[in-house]
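Enquirer: Handing you a structure now.
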Amino acid sequence: MKLNKLTSALVVFATISAISLPVSSAYAAPDAAKIAERKAKKSQAVGEKVGKAIGKAYELYSADKISEAIATLSGIEPSAAFDKAYLYKFLGTLYAEKDPAKALKMLTDAAKLDVLSFNDQAQLYRTIADLNLGAKKYQDALNNYNKWMDFTGETNPDVYMRIANCYYEMKQYTKVIAPADAAIALMKTPKKDPYIMKLGAYYENKQIKKAIEVLETMVVVFPDDKQWWVQLGNFYNLDEQYSKALAAVDLAYKQGYLKTENEIKLLANLYNNNNIPHRSAALLEKHMKAGLLKKDRGVLTSIASSYNSSRDFDKAAFYYGELAKLENDGEVYRRQGLSYLMAGKQPEAISALQKALEVGVKDKGKVHTALIEAYFYQSKLKEAYRHVELARANGQEKVANSWGPYIRERASKKGITL
């Protein structure tokens with residue numbers, strides 16, 4: 001596949017626009033009449049005794065004397081439901097940092113009385129939900145976020161995000177999508193969190209194509225965030241859409257987004273997967289010389305094998321040689337010799353192959369068969385025939401039987417005694 005066709009895969013990204021999503025219909029519409037009735041409810045005043053105690057406690061709270069503020073209110077047990085709810089709400093606020101569990105109990109007791117003003121009661125449900133979320137009581141948190149929505153009739157992107165988070169933590173991944181979409185629809189300025197939540201949910205449910213759809217949107221909504229381009233490439237790769245994977249990661253590279261060793265290696269692998277080994281080798285070579293990639297066995301092997309696949313045998317031989325010198329590996333010297341042989345450089349091939357035998361290889365027969373060819377094409381028939389015999393002695397009878405008669409015939413015509 002040609003490279004210009006690969007980059008055309010990005011047309012799909014460019015045509016995606018940030019679409020406002022409707023608030024999910026998974027949530028029932030609150031009762032507007034009841035909400036209006038709650039808002040119209042006359043406010044009450046707290047009793048004198050409780051009011052004085054709370055006033056004193058508030059002064060201490062304002063001076064960061066939390067323990068003293070709590071002590072001021074301890075032992076007070078008002079009989080009126082409104083006073084009791086107001087006191088519990090205030091105490092719950094004081095306990096929030098010191099003892100979240102106690103704060104949660106106080107606030108829950110206050111909410112059950114359902115006598116506070118509209119705003120105070122609404123705040124109670126929201127705070128109770130947040131505390132439950134912090135305490136990892138996800139179902140309780142969900143219940144109270146829903147109570148808040150039913151009570152107020154309001155929609156809020158942060159609340160929907162918390163609902164999505166609860167479902168995610170409960171591993172109910174299918175239920176994550178609706179509140180995450182609702183959060184996206186309500187946000188005036190796009191934020192990554194709900195998209196990440198959807199991405200994670202689809203991934204956990206093994207819905208890779210759906211996850212890809214999320215990422216295709218994210219690279220448009222957050223074009224300067226390099227990680228989503230790389231993630232998109234990874235997910236395309238996971239879905240075996242190799243041309244699109246290359247298009248995404250290659251574009252990220254051209255924009256200067258690929259900075260790490262693994263990111264460069266990912267792009268190199270994608271070039272190979274798309275049958276462009278020369279680009280893979282050149283990319284690794286460039287970043288190895290720049291110091292981003294280590295000059296180690298893995299990188300040198302990848303460069304050499306990719307140049308070999310692209311039939312740039314001189315460069316393949318050079319990098320096999322670099323690896324062979326680094327590790328003194330006979331098998332790598334053999335590969336270097338084969339690359340020189342393919343490049344038509346028989347003297348260099350012979351030198352590398354002899355080095356392979358000197359250092360040691362598991363299959364000497366393969367080295368001798370390569371040396372047959374290297375010597376033959378230099379018209380060194382005696383040496384070629386000597387390696388025919390050595391190949392035969394090392395398990396390469398078929399090759400020896402094929403080359404032997406041919407070399408004897410050529411030697412006979414030239415009057416050479418083998």
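By convention here, the chains of the structure tokens are called A, B, ... in the order presented, each chain's residues are numbered starting at 1, and ligands are numbered starting at 1 in the order presented.
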Report as a PyMOL selection string all protein, DNA and RNA residues lying within 9 Å of Asp109 of chain A, evaluated on only C-alpha atoms, omitting residues in the same chain fewer than 3 positions from it.
Expert: chain A and resi 85+88-89+104-106+112-113
Enquirer: Just write the chosen residues, C-alpha atoms, as a PDB file, in the first residue's frame.
Expert:
ATOM      1  CA  ALA A  85     -32.221  19.175  60.866  1.00  0.00           C
ATOM      2  CA  TYR A  88     -27.353  18.046  62.139  1.00  0.00           C
ATOM      3  CA  LYS A  89     -26.538  19.775  58.879  1.00  0.00           C
ATOM      4  CA  LEU A 104     -22.288  11.312  56.623  1.00  0.00           C
ATOM      5  CA  LYS A 105     -24.560  10.048  59.410  1.00  0.00           C
ATOM      6  CA  MET A 106     -25.382  13.578  60.595  1.00  0.00           C
ATOM      7  CA  LYS A 112     -34.440  12.363  56.208  1.00  0.00           C
ATOM      8  CA  LEU A 113     -36.321  15.065  58.134  1.00  0.00           C
TER       9      LEU A 113
END
Enquirer: Can you tell me, as a ChimeraX atom specification, what residues are no more than 12 Å from segment 361-375 of chain A when counting only C-alpha atoms, ignoring any on the same chain fewer than 6 positions away?
Expert: /A:328-355,381-404,406-407
Enquirer: Residues near segment 53-64 of chain A, anyone? I mean within 12 Å using only C-alpha atoms, not counting same-chain ones fewer than 3 positions away, as number ranges by chain.
Expert: A: 46-50, 67-78, 83-84, 86-91, 93-95, 97
Enquirer: Output N, CA and C atoms for every residue in that selection, as a PDB file, in the first residue's frame.
Expert:
ATOM      1  N   VAL A  46     -34.500  29.185  62.966  1.00  0.00           N
ATOM      2  CA  VAL A  46     -34.104  28.235  63.991  1.00  0.00           C
ATOM      3  C   VAL A  46     -34.451  28.794  65.371  1.00  0.00           C
ATOM      4  N   GLY A  47     -34.729  27.915  66.322  1.00  0.00           N
ATOM      5  CA  GLY A  47     -35.070  28.345  67.678  1.00  0.00           C
ATOM      6  C   GLY A  47     -33.934  29.113  68.354  1.00  0.00           C
ATOM      7  N   GLU A  48     -34.314  29.903  69.395  1.00  0.00           N
ATOM      8  CA  GLU A  48     -33.330  30.785  70.039  1.00  0.00           C
ATOM      9  C   GLU A  48     -32.148  30.012  70.634  1.00  0.00           C
ATOM     10  N   LYS A  49     -32.423  28.917  71.363  1.00  0.00           N
ATOM     11  CA  LYS A  49     -31.367  28.169  72.040  1.00  0.00           C
ATOM     12  C   LYS A  49     -30.387  27.575  71.019  1.00  0.00           C
ATOM     13  N   VAL A  50     -30.966  26.929  70.024  1.00  0.00           N
ATOM     14  CA  VAL A  50     -30.126  26.313  68.994  1.00  0.00           C
ATOM     15  C   VAL A  50     -29.414  27.398  68.187  1.00  0.00           C
ATOM     16  N   SER A  67     -12.693  21.666  66.527  1.00  0.00           N
ATOM     17  CA  SER A  67     -13.014  20.816  67.684  1.00  0.00           C
ATOM     18  C   SER A  67     -13.830  21.587  68.713  1.00  0.00           C
ATOM     19  N   GLU A  68     -13.442  22.852  68.945  1.00  0.00           N
ATOM     20  CA  GLU A  68     -14.171  23.677  69.910  1.00  0.00           C
ATOM     21  C   GLU A  68     -15.598  23.963  69.429  1.00  0.00           C
ATOM     22  N   ALA A  69     -15.749  24.137  68.109  1.00  0.00           N
ATOM     23  CA  ALA A  69     -17.079  24.390  67.547  1.00  0.00           C
ATOM     24  C   ALA A  69     -17.968  23.177  67.743  1.00  0.00           C
ATOM     25  N   ILE A  70     -17.402  21.982  67.522  1.00  0.00           N
ATOM     26  CA  ILE A  70     -18.164  20.739  67.715  1.00  0.00           C
ATOM     27  C   ILE A  70     -18.555  20.578  69.173  1.00  0.00           C
ATOM     28  N   ALA A  71     -17.615  20.875  70.082  1.00  0.00           N
ATOM     29  CA  ALA A  71     -17.878  20.746  71.523  1.00  0.00           C
ATOM     30  C   ALA A  71     -19.009  21.665  71.952  1.00  0.00           C
ATOM     31  N   THR A  72     -19.079  22.849  71.348  1.00  0.00           N
ATOM     32  CA  THR A  72     -20.124  23.815  71.693  1.00  0.00           C
ATOM     33  C   THR A  72     -21.516  23.260  71.395  1.00  0.00           C
ATOM     34  N   LEU A  73     -21.602  22.426  70.357  1.00  0.00           N
ATOM     35  CA  LEU A  73     -22.906  21.903  69.942  1.00  0.00           C
ATOM     36  C   LEU A  73     -23.221  20.528  70.522  1.00  0.00           C
ATOM     37  N   SER A  74     -22.232  19.902  71.147  1.00  0.00           N
ATOM     38  CA  SER A  74     -22.475  18.559  71.677  1.00  0.00           C
ATOM     39  C   SER A  74     -23.446  18.622  72.859  1.00  0.00           C
ATOM     40  N   GLY A  75     -24.303  17.641  72.926  1.00  0.00           N
ATOM     41  CA  GLY A  75     -25.267  17.579  74.022  1.00  0.00           C
ATOM     42  C   GLY A  75     -26.569  18.289  73.740  1.00  0.00           C
ATOM     43  N   ILE A  76     -26.607  19.086  72.661  1.00  0.00           N
ATOM     44  CA  ILE A  76     -27.852  19.796  72.324  1.00  0.00           C
ATOM     45  C   ILE A  76     -28.766  18.844  71.540  1.00  0.00           C
ATOM     46  N   GLU A  77     -29.974  18.647  72.022  1.00  0.00           N
ATOM     47  CA  GLU A  77     -30.941  17.773  71.363  1.00  0.00           C
ATOM     48  C   GLU A  77     -32.265  18.515  71.224  1.00  0.00           C
ATOM     49  N   PRO A  78     -32.416  19.309  70.186  1.00  0.00           N
ATOM     50  CA  PRO A  78     -33.652  20.072  70.010  1.00  0.00           C
ATOM     51  C   PRO A  78     -34.830  19.145  69.698  1.00  0.00           C
ATOM     52  N   ASP A  83     -35.154  22.591  63.818  1.00  0.00           N
ATOM     53  CA  ASP A  83     -33.948  22.855  64.606  1.00  0.00           C
ATOM     54  C   ASP A  83     -32.999  21.659  64.546  1.00  0.00           C
ATOM     55  N   LYS A  84     -33.587  20.484  64.649  1.00  0.00           N
ATOM     56  CA  LYS A  84     -32.777  19.263  64.648  1.00  0.00           C
ATOM     57  C   LYS A  84     -32.059  19.107  63.286  1.00  0.00           C
ATOM     58  N   TYR A  86     -31.374  21.442  61.091  1.00  0.00           N
ATOM     59  CA  TYR A  86     -30.395  22.511  60.897  1.00  0.00           C
ATOM     60  C   TYR A  86     -29.115  22.210  61.679  1.00  0.00           C
ATOM     61  N   LEU A  87     -29.314  21.737  62.935  1.00  0.00           N
ATOM     62  CA  LEU A  87     -28.168  21.401  63.787  1.00  0.00           C
ATOM     63  C   LEU A  87     -27.359  20.252  63.175  1.00  0.00           C
ATOM     64  N   TYR A  88     -28.051  19.201  62.727  1.00  0.00           N
ATOM     65  CA  TYR A  88     -27.353  18.046  62.139  1.00  0.00           C
ATOM     66  C   TYR A  88     -26.590  18.452  60.873  1.00  0.00           C
ATOM     67  N   LYS A  89     -27.202  19.326  60.103  1.00  0.00           N
ATOM     68  CA  LYS A  89     -26.538  19.775  58.879  1.00  0.00           C
ATOM     69  C   LYS A  89     -25.253  20.534  59.213  1.00  0.00           C
ATOM     70  N   PHE A  90     -25.333  21.405  60.215  1.00  0.00           N
ATOM     71  CA  PHE A  90     -24.150  22.182  60.591  1.00  0.00           C
ATOM     72  C   PHE A  90     -23.070  21.283  61.181  1.00  0.00           C
ATOM     73  N   LEU A  91     -23.482  20.364  62.054  1.00  0.00           N
ATOM     74  CA  LEU A  91     -22.526  19.419  62.647  1.00  0.00           C
ATOM     75  C   LEU A  91     -21.886  18.540  61.564  1.00  0.00           C
ATOM     76  N   THR A  93     -21.292  19.349  58.554  1.00  0.00           N
ATOM     77  CA  THR A  93     -20.294  20.171  57.870  1.00  0.00           C
ATOM     78  C   THR A  93     -18.998  20.246  58.681  1.00  0.00           C
ATOM     79  N   LEU A  94     -19.131  20.382  59.996  1.00  0.00           N
ATOM     80  CA  LEU A  94     -17.955  20.459  60.864  1.00  0.00           C
ATOM     81  C   LEU A  94     -17.176  19.141  60.883  1.00  0.00           C
ATOM     82  N   TYR A  95     -17.900  18.043  60.861  1.00  0.00           N
ATOM     83  CA  TYR A  95     -17.258  16.727  60.934  1.00  0.00           C
ATOM     84  C   TYR A  95     -16.669  16.271  59.584  1.00  0.00           C
ATOM     85  N   GLU A  97     -14.282  16.993  57.590  1.00  0.00           N
ATOM     86  CA  GLU A  97     -12.850  16.745  57.450  1.00  0.00           C
ATOM     87  C   GLU A  97     -12.325  15.837  58.552  1.00  0.00           C
TER      88      GLU A  97
END
Enquirer: Would you work out the distance separating atom CA of Val176 of chain A from atom CA of Leu124 of chain A, expressed in Å to one decimal?
Expert: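 These atoms are spaced 24.5 Å apart.
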Enquirer: Going by DSSP on the backbone, which bits of segment 241-365 of chain A are helix (DSSP H, G or I)? Write them as number ranges by chain, please.
Expert: A: 242-254, 261-273, 277-289, 297-309, 313-327, 330-342, 346-359, 364-365
Enquirer: Pull C-alpha atoms from the residues just selected and write them as a JSON list (two decimals), in the first residue's frame.
Expert:
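The file below, selection35.json, is the result:
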[["chain", "number", "residue", "atom", "x", "y", "z"],
["A", 242, "TYR", "CA", -3.21, -1.25, 10.26],
["A", 243, "SER", "CA", -3.41, 1.45, 7.59],
["A", 244, "LYS", "CA", -5.49, 3.70, 9.85],
["A", 245, "ALA", "CA", -3.19, 2.95, 12.79],
["A", 246, "LEU", "CA", -0.21, 4.09, 10.73],
["A", 247, "ALA", "CA", -2.06, 7.17, 9.46],
["A", 248, "ALA", "CA", -2.89, 8.31, 13.00],
["A", 249, "VAL", "CA", 0.53, 7.70, 14.54],
["A", 250, "ASP", "CA", 2.41, 9.02, 11.51],
["A", 251, "LEU", "CA", 0.41, 12.25, 11.64],
["A", 252, "ALA", "CA", 1.17, 12.51, 15.36],
["A", 253, "TYR", "CA", 4.86, 12.10, 14.55],
["A", 254, "LYS", "CA", 4.76, 14.79, 11.87],
["A", 261, "GLU", "CA", 11.20, 5.47, 22.91],
["A", 262, "ASN", "CA", 8.05, 3.33, 22.91],
["A", 263, "GLU", "CA", 6.17, 5.80, 20.70],
["A", 264, "ILE", "CA", 8.91, 5.76, 18.08],
["A", 265, "LYS", "CA", 9.03, 1.96, 18.21],
["A", 266, "LEU", "CA", 5.24, 1.84, 17.76],
["A", 267, "LEU", "CA", 5.50, 3.91, 14.58],
["A", 268, "ALA", "CA", 8.37, 1.73, 13.33],
["A", 269, "ASN", "CA", 6.31, -1.42, 13.90],
["A", 270, "LEU", "CA", 3.37, 0.13, 12.05],
["A", 271, "TYR", "CA", 5.58, 0.89, 9.04],
["A", 272, "ASN", "CA", 6.58, -2.77, 9.00],
["A", 273, "ASN", "CA", 2.95, -3.92, 9.40],
["A", 277, "PRO", "CA", 10.21, -1.55, 6.08],
["A", 278, "HIS", "CA", 12.62, 1.08, 4.74],
["A", 279, "ARG", "CA", 10.79, 3.84, 6.62],
["A", 280, "SER", "CA", 10.81, 1.70, 9.73],
["A", 281, "ALA", "CA", 14.56, 1.21, 9.54],
["A", 282, "ALA", "CA", 15.26, 4.86, 8.73],
["A", 283, "LEU", "CA", 13.10, 6.04, 11.62],
["A", 284, "LEU", "CA", 14.84, 3.80, 14.15],
["A", 285, "GLU", "CA", 18.25, 4.71, 12.73],
["A", 286, "LYS", "CA", 17.53, 8.43, 13.01],
["A", 287, "HIS", "CA", 16.40, 8.29, 16.63],
["A", 288, "MET", "CA", 19.14, 5.90, 17.67],
["A", 289, "LYS", "CA", 21.73, 8.33, 16.31],
["A", 297, "ARG", "CA", 20.22, -5.76, 20.43],
["A", 298, "GLY", "CA", 16.52, -5.04, 19.90],
["A", 299, "VAL", "CA", 16.97, -1.76, 18.05],
["A", 300, "LEU", "CA", 19.95, -2.92, 15.95],
["A", 301, "THR", "CA", 18.15, -6.14, 14.99],
["A", 302, "SER", "CA", 15.05, -4.18, 13.97],
["A", 303, "ILE", "CA", 17.05, -1.74, 11.85],
["A", 304, "ALA", "CA", 19.05, -4.50, 10.16],
["A", 305, "SER", "CA", 16.08, -6.78, 9.47],
["A", 306, "SER", "CA", 13.96, -3.88, 8.18],
["A", 307, "TYR", "CA", 16.71, -2.75, 5.79],
["A", 308, "ASN", "CA", 17.09, -6.38, 4.73],
["A", 309, "SER", "CA", 13.33, -6.61, 4.03],
["A", 313, "PHE", "CA", 21.39, -5.04, 1.79],
["A", 314, "ASP", "CA", 24.41, -2.78, 2.34],
["A", 315, "LYS", "CA", 22.77, -1.03, 5.27],
["A", 316, "ALA", "CA", 21.40, -4.31, 6.58],
["A", 317, "ALA", "CA", 24.91, -5.77, 6.56],
["A", 318, "PHE", "CA", 26.31, -2.70, 8.30],
["A", 319, "TYR", "CA", 23.83, -2.93, 11.18],
["A", 320, "TYR", "CA", 24.18, -6.69, 11.51],
["A", 321, "GLY", "CA", 27.87, -5.96, 11.82],
["A", 322, "GLU", "CA", 27.27, -3.37, 14.53],
["A", 323, "LEU", "CA", 25.22, -5.90, 16.47],
["A", 324, "ALA", "CA", 27.75, -8.68, 15.91],
["A", 325, "LYS", "CA", 30.56, -6.51, 17.26],
["A", 326, "LEU", "CA", 28.41, -5.53, 20.23],
["A", 327, "GLU", "CA", 27.60, -9.11, 21.20],
["A", 330, "GLY", "CA", 28.18, -15.91, 15.34],
["A", 331, "GLU", "CA", 24.58, -16.12, 14.12],
["A", 332, "VAL", "CA", 24.52, -12.35, 13.59],
["A", 333, "TYR", "CA", 27.80, -12.55, 11.62],
["A", 334, "ARG", "CA", 26.10, -15.20, 9.46],
["A", 335, "ARG", "CA", 23.21, -12.82, 8.76],
["A", 336, "GLN", "CA", 25.67, -10.07, 7.93],
["A", 337, "GLY", "CA", 27.37, -12.41, 5.49],
["A", 338, "LEU", "CA", 24.06, -13.25, 3.81],
["A", 339, "SER", "CA", 23.25, -9.54, 3.44],
["A", 340, "TYR", "CA", 26.63, -8.87, 1.84],
["A", 341, "LEU", "CA", 26.03, -11.83, -0.45],
["A", 342, "MET", "CA", 22.67, -10.36, -1.52],
["A", 346, "GLN", "CA", 31.40, -11.55, -1.98],
["A", 347, "PRO", "CA", 34.71, -10.64, -0.26],
["A", 348, "GLU", "CA", 32.85, -8.91, 2.58],
["A", 349, "ALA", "CA", 30.41, -11.84, 2.75],
["A", 350, "ILE", "CA", 33.28, -14.33, 3.06],
["A", 351, "SER", "CA", 34.89, -12.28, 5.82],
["A", 352, "ALA", "CA", 31.64, -12.16, 7.84],
["A", 353, "LEU", "CA", 30.86, -15.84, 7.28],
["A", 354, "GLN", "CA", 34.36, -16.91, 8.30],
["A", 355, "LYS", "CA", 33.94, -14.78, 11.43],
["A", 356, "ALA", "CA", 30.69, -16.61, 12.14],
["A", 357, "LEU", "CA", 32.54, -19.95, 12.06],
["A", 358, "GLU", "CA", 35.30, -18.52, 14.22],
["A", 359, "VAL", "CA", 32.92, -17.19, 16.88],
["A", 364, "LYS", "CA", 27.66, -24.61, 10.63],
["A", 365, "GLY", "CA", 26.14, -26.23, 7.55]]
Enquirer: From the list A:Asp130, A:Asp296, A:Asp120, A:Asp140, which residue is nearest Ala103 of chain A when using only C-alpha atoms?
Expert: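 Of all the options, A:Asp130 lies closest to Ala103 of chain A.
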Enquirer: Measuring between only C-alpha atoms, which one of A:Leu116, A:Met170, A:Pro157, A:Phe235 shows the shortest distance to Gln139 of chain A?
Expert: A:Met170
Enquirer: Between A:Asn165, A:Thr127, A:Asn119, A:Gln227, which one has atoms that come closest to Lys198 of chain A, using only C-alpha atoms?
Expert: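 Distance minimum relative to Lys198 of chain A lands on A:Asn165.
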Enquirer: Considering only C-alpha atoms, state which residue in the set A:Asp31, A:Asp99, A:Asp312, A:Glu154 is at the smallest distance from Leu186 of chain A.
Expert: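 Comparing A:Asp31, A:Asp99, A:Asp312, A:Glu154 against Leu186 of chain A, the winner is A:Glu154.
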Enquirer: Just to confirm, what's the straight-line distance from atom CA of Thr217 of chain A to atom CA of Ala178 of chain A in Å (one decimal)?
Expert: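 Computing the Euclidean distance for atom CA of Thr217 of chain A and atom CA of Ala178 of chain A yields 16.6 Å.
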